[in-house]
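Asks: The structure follows.
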Amino acid sequence: MAKVGDMTMISLKIGRFLLPIVVLAGLAGCSIEPWVKPYERDRLADPIMALDGDPVSTSYIQHVYEAREGARGAEGAAGGGCGCN
Amino acid sequence: MTLRHGITIFTLLLALPGAVLAGVLPEDRGDALYHHYTGGGVDINGPSVLIRKKAGKSLSFVGNWYVDHVSSASIDVITTASPYTEERTQWSLGMDYLRGNTTMRVNYVSSEESDFDAKTYAFSVSEDMFGDLTTLTLSYAFGEDVVGRSDDPTFARDNTRQHYAVSLTQILTRNMIATLNFETITDEGFLNNPYRSVRYADPGSAVGYSFEPEVYPATRTSNAVGLRARYFLPYRAAIEGEYRFFTDTWDIDGHTLSLTYVHPWGPFTFEGKVRYHDQTGASFFSDLFPRSEATNFRGRDKELSPLQSYTFRGKVSYEFIDTNKGWGMFKRGTLNFSLDHLIVNYDEFRDISQGFPVGEEPLYELKANVYQIFVSFWY
């Protein structure tokens with residue numbers, strides 16, 4: 001397919017973007033002072049701020065989108081986490 | 001074979017982590033959901049049940065059982081085949097293991113129907129960093145499918161899928177959290193629907209066209225990058241925006257935007273969402289090929305057409321077990337109802353069920369409603 005080269009380039013570009021983040025995280029993760037203290041995360045811990053409060057429902061509606069459109073991935077429930085619990 | 005295009009990805013979605021809380025195991029909870037999709041001549045309904053339970057301080061197990069009862073007389077079916085009914089059953093088992101700030105997850109998903117089996121194996125690792133302000137998740141999943149035909153017991157074709165995902169979640173302020181996701185999915189094998197046909201101009205036919213089987217490329221690789229941000233408003237409500245860019249080796253490029261507003265009121269929580277998706281078509285898609293076997297690859301799956309889709313969602317939740325009081329073994333309980341109204345406008349896929357001259361048929365438009373009612377318990 002003609003776009004394989006383009007896709008490889010996109011992957012490399014994103015990889016170049018993500019690599020420094022991973023390296024920085026590994027090197028400096030323990031020494032950075034959190035700018036939002038644990039006692040300041042009450043609003044983030046509110047159920048209305050949950051990135052995926054209803055995983056069964058989210059998975060189902062993502063299934064509908066995947067079935068009705070040509071695109072897939074990187075939407076909805078992936079990721080999350082704030083150490084609020 | 002139901003909505004096959006989405007099922008393999010659905011199993012991947014289930015296999016990969018949801019809202020990962022690295023450093024904290026997911027809460028114990030149970031969900032029982034009934035779903036009903038109706039529109040475009042297709043009716044799909046069934047249950048989905050999820051149970052999650054910790055075992056000690058380091059382990060959490062999760063199981064999900066999901067069923068689709070399908071009755072289909074879609075535009076594809078009524079123009080090239082016969083209406084059908086069938087059932088798909090899916091189940092999954094997963095385990096989270098917490099060690100320090102690291103959470104590792106394994107998951108297995110199985111989906112079975114009369115002419116299609118899919119199995120997915122997944123592994124992910126999440127790490128909390130920067131005083132738990134940042135969560136980095138790396139995921140991998142491997143899937144294998146067997147495609148059959150209900151009218152030919154000897155027909156069996158294999159697919160394999162590999163899925164790579166990186167997710168970075170960041171607390172930006174005490175009111176805002178954002179997630180950046182990148183996902184690459186590769187498919188190899190028999191990727192088309194063995195029942196679907198393409199249409200080609202045929203002067204020898206009374207209607208001016210005939211049908212022949214689809215032929216898809218044997219590989220597909222897609223990349224998608226998405227950014228979400230959720231903000232806590234000053235009067236206890238939340239707003240979320242999301243954007244996703246998608247591109248693949250079939251020449252489909254897509255942009256997806258959504259905006260969500262969440263507003264609690266006493267024991268009720270109301271949610272409204274609008275979502276817009278726009279995509280180009282696959283390079284081998286055509287509604288009407290000029291002749292038989294006009295190209296090496298050919299498809300007429302309407303999801304591969306250039307299209308725009310719009311979703312309007314309303315949802316209401318009622319908290320019948322208050323978080324602050326609990327009830328017996330339960331810490332919290334909610335009853336939820338949602339309705340999603342979906343409109344899809346196809347730029348090249350035509351409705352050939354109405355007898356217009358060849359190539360002058362009106363473009364097809366899909367309207368569907370998706371109902372969900374579910375109860376959730378935290379314990």
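Just so we're on the same page: first chain in the structure tokens is A, next is B, and so on; residues restart at 1 for each chain, and ligands are numbered from 1 in the order they show up.
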Determine which residues of region 121-282 of chain B DSSP labels as strand (DSSP E or B) from the backbone of this structure, then write them out as a ChimeraX atom specification.
Replies: /B:121-129,134-149,152-173,176-189,197-201,209-213,215,219-233,237-248,253-265,268-279
Asks: Those residues you just picked out, can you put them in a file as a tab-separated table (two decimals), in the first residue's frame with C-alpha atoms?
Replies:
```tsv
chain	number	residue	atom	x	y	z
B	121	TYR	CA	-4.66	-11.89	24.82
B	122	ALA	CA	-3.50	-8.64	26.37
B	123	PHE	CA	-0.84	-7.32	28.71
B	124	SER	CA	-0.25	-3.83	30.03
B	125	VAL	CA	1.86	-2.06	32.60
B	126	SER	CA	1.12	1.31	34.23
B	127	GLU	CA	3.41	3.47	36.32
B	128	ASP	CA	2.54	6.45	38.50
B	129	MET	CA	5.16	9.17	38.47
B	134	THR	CA	1.41	11.39	35.84
B	135	THR	CA	0.40	7.88	34.79
B	136	LEU	CA	2.14	6.19	31.89
B	137	THR	CA	0.59	3.01	30.45
B	138	LEU	CA	2.10	0.70	27.84
B	139	SER	CA	-0.18	-1.97	26.36
B	140	TYR	CA	0.09	-4.85	23.93
B	141	ALA	CA	-2.61	-7.21	22.70
B	142	PHE	CA	-2.61	-10.11	20.28
B	143	GLY	CA	-5.80	-11.31	18.64
B	144	GLU	CA	-6.64	-14.24	16.41
B	145	ASP	CA	-9.91	-14.76	14.54
B	146	VAL	CA	-11.45	-17.54	12.51
B	147	VAL	CA	-13.88	-16.35	9.83
B	148	GLY	CA	-16.51	-18.83	8.63
B	149	ARG	CA	-19.62	-18.93	6.47
B	152	ASP	CA	-20.35	-23.45	3.90
B	153	PRO	CA	-19.05	-25.48	6.88
B	154	THR	CA	-15.71	-26.00	5.13
B	155	PHE	CA	-15.02	-22.26	4.82
B	156	ALA	CA	-12.49	-21.04	7.42
B	157	ARG	CA	-10.08	-18.11	7.11
B	158	ASP	CA	-7.66	-16.75	9.73
B	159	ASN	CA	-6.90	-13.23	10.89
B	160	THR	CA	-4.31	-12.01	13.34
B	161	ARG	CA	-4.18	-8.61	15.02
B	162	GLN	CA	-1.52	-6.86	17.03
B	163	HIS	CA	-2.27	-3.81	19.06
B	164	TYR	CA	0.20	-1.39	20.64
B	165	ALA	CA	-0.89	1.50	22.84
B	166	VAL	CA	0.78	4.21	24.89
B	167	SER	CA	-1.27	6.35	27.24
B	168	LEU	CA	-0.11	9.34	29.27
B	169	THR	CA	-2.48	10.80	31.86
B	170	GLN	CA	-1.57	14.04	33.53
B	171	ILE	CA	-3.06	16.06	36.39
B	172	LEU	CA	-2.62	19.61	35.12
B	173	THR	CA	-4.23	21.60	37.92
B	176	MET	CA	-8.12	19.56	35.36
B	177	ILE	CA	-6.90	16.18	34.14
B	178	ALA	CA	-5.87	15.24	30.59
B	179	THR	CA	-4.98	12.06	28.71
B	180	LEU	CA	-2.94	11.59	25.56
B	181	ASN	CA	-3.40	8.23	23.82
B	182	PHE	CA	-1.58	6.72	20.88
B	183	GLU	CA	-2.62	3.39	19.38
B	184	THR	CA	-1.34	1.34	16.48
B	185	ILE	CA	-3.29	-1.67	15.26
B	186	THR	CA	-2.13	-4.09	12.57
B	187	ASP	CA	-4.34	-6.73	10.94
B	188	GLU	CA	-3.31	-9.55	8.66
B	189	GLY	CA	-5.45	-12.20	7.01
B	197	SER	CA	-20.72	-7.95	-2.44
B	198	VAL	CA	-19.66	-4.98	-4.53
B	199	ARG	CA	-21.80	-3.50	-7.29
B	200	TYR	CA	-20.57	-3.03	-10.87
B	201	ALA	CA	-22.16	-1.59	-14.00
B	209	TYR	CA	-25.81	-3.51	-12.48
B	210	SER	CA	-24.72	-6.82	-10.95
B	211	PHE	CA	-22.86	-7.96	-7.82
B	212	GLU	CA	-19.62	-9.85	-7.18
B	213	PRO	CA	-17.71	-10.71	-3.96
B	215	VAL	CA	-11.83	-8.45	-2.21
B	219	THR	CA	-3.13	-6.27	5.66
B	220	ARG	CA	-4.14	-3.09	7.40
B	221	THR	CA	-2.22	-0.83	9.77
B	222	SER	CA	-3.81	2.11	11.54
B	223	ASN	CA	-2.51	4.84	13.81
B	224	ALA	CA	-4.66	6.97	16.05
B	225	VAL	CA	-3.78	9.71	18.48
B	226	GLY	CA	-6.33	11.16	20.88
B	227	LEU	CA	-6.33	13.92	23.47
B	228	ARG	CA	-8.96	14.30	26.21
B	229	ALA	CA	-9.21	16.89	28.94
B	230	ARG	CA	-11.79	17.12	31.74
B	231	TYR	CA	-12.29	20.24	33.82
B	232	PHE	CA	-14.09	20.73	37.15
B	233	LEU	CA	-16.28	23.83	36.87
B	237	ALA	CA	-20.05	20.27	37.28
B	238	ALA	CA	-17.59	18.89	34.76
B	239	ILE	CA	-16.88	19.53	31.11
B	240	GLU	CA	-14.80	17.30	28.84
B	241	GLY	CA	-13.41	17.81	25.36
B	242	GLU	CA	-11.86	15.15	23.17
B	243	TYR	CA	-10.16	15.10	19.78
B	244	ARG	CA	-8.84	12.12	17.84
B	245	PHE	CA	-6.91	11.91	14.58
B	246	PHE	CA	-6.95	8.61	12.71
B	247	THR	CA	-5.05	7.41	9.64
B	248	ASP	CA	-4.53	3.99	8.08
B	253	ASP	CA	-8.17	9.62	7.49
B	254	GLY	CA	-10.56	10.64	10.24
B	255	HIS	CA	-11.15	13.45	12.71
B	256	THR	CA	-13.35	12.96	15.77
B	257	LEU	CA	-14.45	15.68	18.16
B	258	SER	CA	-16.68	15.46	21.22
B	259	LEU	CA	-17.86	17.66	24.05
B	260	THR	CA	-19.40	16.32	27.27
B	261	TYR	CA	-21.09	18.17	30.13
B	262	VAL	CA	-21.85	16.50	33.50
B	263	HIS	CA	-24.13	18.14	36.05
B	264	PRO	CA	-25.07	16.61	39.43
B	265	TRP	CA	-28.33	17.62	41.12
B	268	PHE	CA	-29.18	12.64	40.21
B	269	THR	CA	-26.37	13.23	37.72
B	270	PHE	CA	-27.22	14.46	34.22
B	271	GLU	CA	-24.89	14.13	31.25
B	272	GLY	CA	-25.10	15.55	27.73
B	273	LYS	CA	-22.69	14.81	24.93
B	274	VAL	CA	-22.26	15.76	21.29
B	275	ARG	CA	-19.81	13.90	19.07
B	276	TYR	CA	-18.79	14.51	15.46
B	277	HIS	CA	-16.76	12.20	13.24
B	278	ASP	CA	-15.57	12.86	9.69
B	279	GLN	CA	-13.58	10.46	7.52
```
Asks: Set the distance at 8 Å and use only C-alpha atoms: which residues neighbour Arg43 (chain A) once local chain neighbours fewer than 2 positions away are removed? I'd like the list as a list in words.
Replies: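 So, after excluding close chain neighbours, the residues are Glu40, Arg41, Ala45, Asp46 and Met49 of chain A; Arg174, Asn175 and Phe232 of chain B.
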Asks: Quick one: residues within 8 Å of Ser82 (chain B), only C-alpha atoms, excluding same-chain residues fewer than 3 positions away - as JSON, numbers by chain?
Replies: {"B": [73, 77, 78]}
Asks: Could you please take those selected residues and save N, CA and C atoms as a PDB file, in the first residue's frame?
Replies:
```pdb
ATOM      1  N   ALA B  73     -31.948  -6.619   8.962  1.00  0.00           N
ATOM      2  CA  ALA B  73     -32.450  -6.414   7.600  1.00  0.00           C
ATOM      3  C   ALA B  73     -31.885  -5.067   7.150  1.00  0.00           C
ATOM      4  N   VAL B  77     -28.122  -6.019   3.590  1.00  0.00           N
ATOM      5  CA  VAL B  77     -28.780  -7.324   3.613  1.00  0.00           C
ATOM      6  C   VAL B  77     -29.975  -7.348   2.663  1.00  0.00           C
ATOM      7  N   ILE B  78     -30.790  -6.293   2.684  1.00  0.00           N
ATOM      8  CA  ILE B  78     -32.009  -6.348   1.862  1.00  0.00           C
ATOM      9  C   ILE B  78     -31.711  -6.185   0.368  1.00  0.00           C
TER      10      ILE B  78
END
```
Asks: Distance CA of Trp378 (chain B)-CA of Ser60 (chain B), one decimal place?
Replies: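 The value is 14.0 Å.
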Asks: Using only C-alpha atoms, pick whichever of B:Pro83, B:Gly299, B:Gly266, B:Pro306 has the shortest atom-to-atom distance to chain A.
Replies: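 Smallest separation from chain A among the options: B:Pro306.
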Asks: Between B:Lys54, B:His69, B:Arg99, B:Arg236, which has the minimum distance to Ile48 (chain A) (counting only C-alpha atoms)?
Replies: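 Once distances to Ile48 (chain A) are computed over only C-alpha atoms, the minimum belongs to B:Arg236.
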Asks: One decimal, in Å: what's the spacing between CA of Ala32 (chain B) and CA of Val344 (chain B)?
Replies: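 Computing it gives 29.1 Å between the two atoms.
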Asks: List the neighbours of Ile51 (chain B) out to 7 Å using only C-alpha atoms; skip same-chain residues closer than 6 positions along the sequence, and give me the result as a short mmCIF file (atom, residue, chain, number, x, y, z; two decimals) with N, CA and C atoms, in the first residue's frame.
Replies:
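Just written: around_38.cif:
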```cif
data_model
loop_
_atom_site.label_atom_id
_atom_site.label_comp_id
_atom_site.auth_asym_id
_atom_site.auth_seq_id
_atom_site.Cartn_x
_atom_site.Cartn_y
_atom_site.Cartn_z
N ARG B 29 -16.51 -3.58 42.22
CA ARG B 29 -17.80 -3.12 41.72
C ARG B 29 -18.47 -4.21 40.90
N GLY B 30 -19.76 -4.05 40.71
CA GLY B 30 -20.53 -4.92 39.84
C GLY B 30 -21.45 -4.08 38.98
N ASP B 31 -21.60 -4.44 37.71
CA ASP B 31 -22.46 -3.71 36.78
C ASP B 31 -23.32 -4.72 36.02
N VAL B 62 -11.24 -9.40 37.40
CA VAL B 62 -12.41 -8.84 36.73
C VAL B 62 -12.92 -9.84 35.69
N GLY B 63 -14.23 -9.94 35.61
CA GLY B 63 -14.86 -10.82 34.62
C GLY B 63 -16.02 -10.10 33.96
N ASN B 64 -16.24 -10.36 32.69
CA ASN B 64 -17.33 -9.73 31.97
C ASN B 64 -17.99 -10.76 31.04
#
```
Asks: Which residue gives the smallest distance to chain A among B:Ser205, B:Asn296, B:Gln372, B:Ser72, with only C-alpha atoms counted?
Replies: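 For chain A, the nearest of the candidates is B:Gln372.
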Asks: Which residues, written as a list in words, have at least one atom at most 12 Å from Glu87 (chain B), with only C-alpha atoms counted and residues fewer than 3 positions away on the same chain left out?
Replies: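 Contacts, with the query itself left out: Met1, Thr2, Leu3, Asp43, Ile44, Asn45, Gly46, Pro47, Tyr66, Val67, Asp68, His69, Val70, Ser71, Ser72, Tyr84, Gln90, Ser111, Glu112, Glu113, Ser114, Asp115 and Phe116 of chain B.
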Asks: Between B:Ser305, B:Asn193, B:Thr103, B:Asn345, which is the closest to Leu59 (chain B) once you count only C-alpha atoms?
Replies: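 The shortest atom-to-atom distance to Leu59 (chain B) comes from B:Thr103.
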Asks: As an exercise, work out the distance from CA of Ala71 (chain A) to CA of Thr280 (chain B) in Å and give it to one decimal place.
Replies: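 Those two atoms sit 10.0 Å apart.
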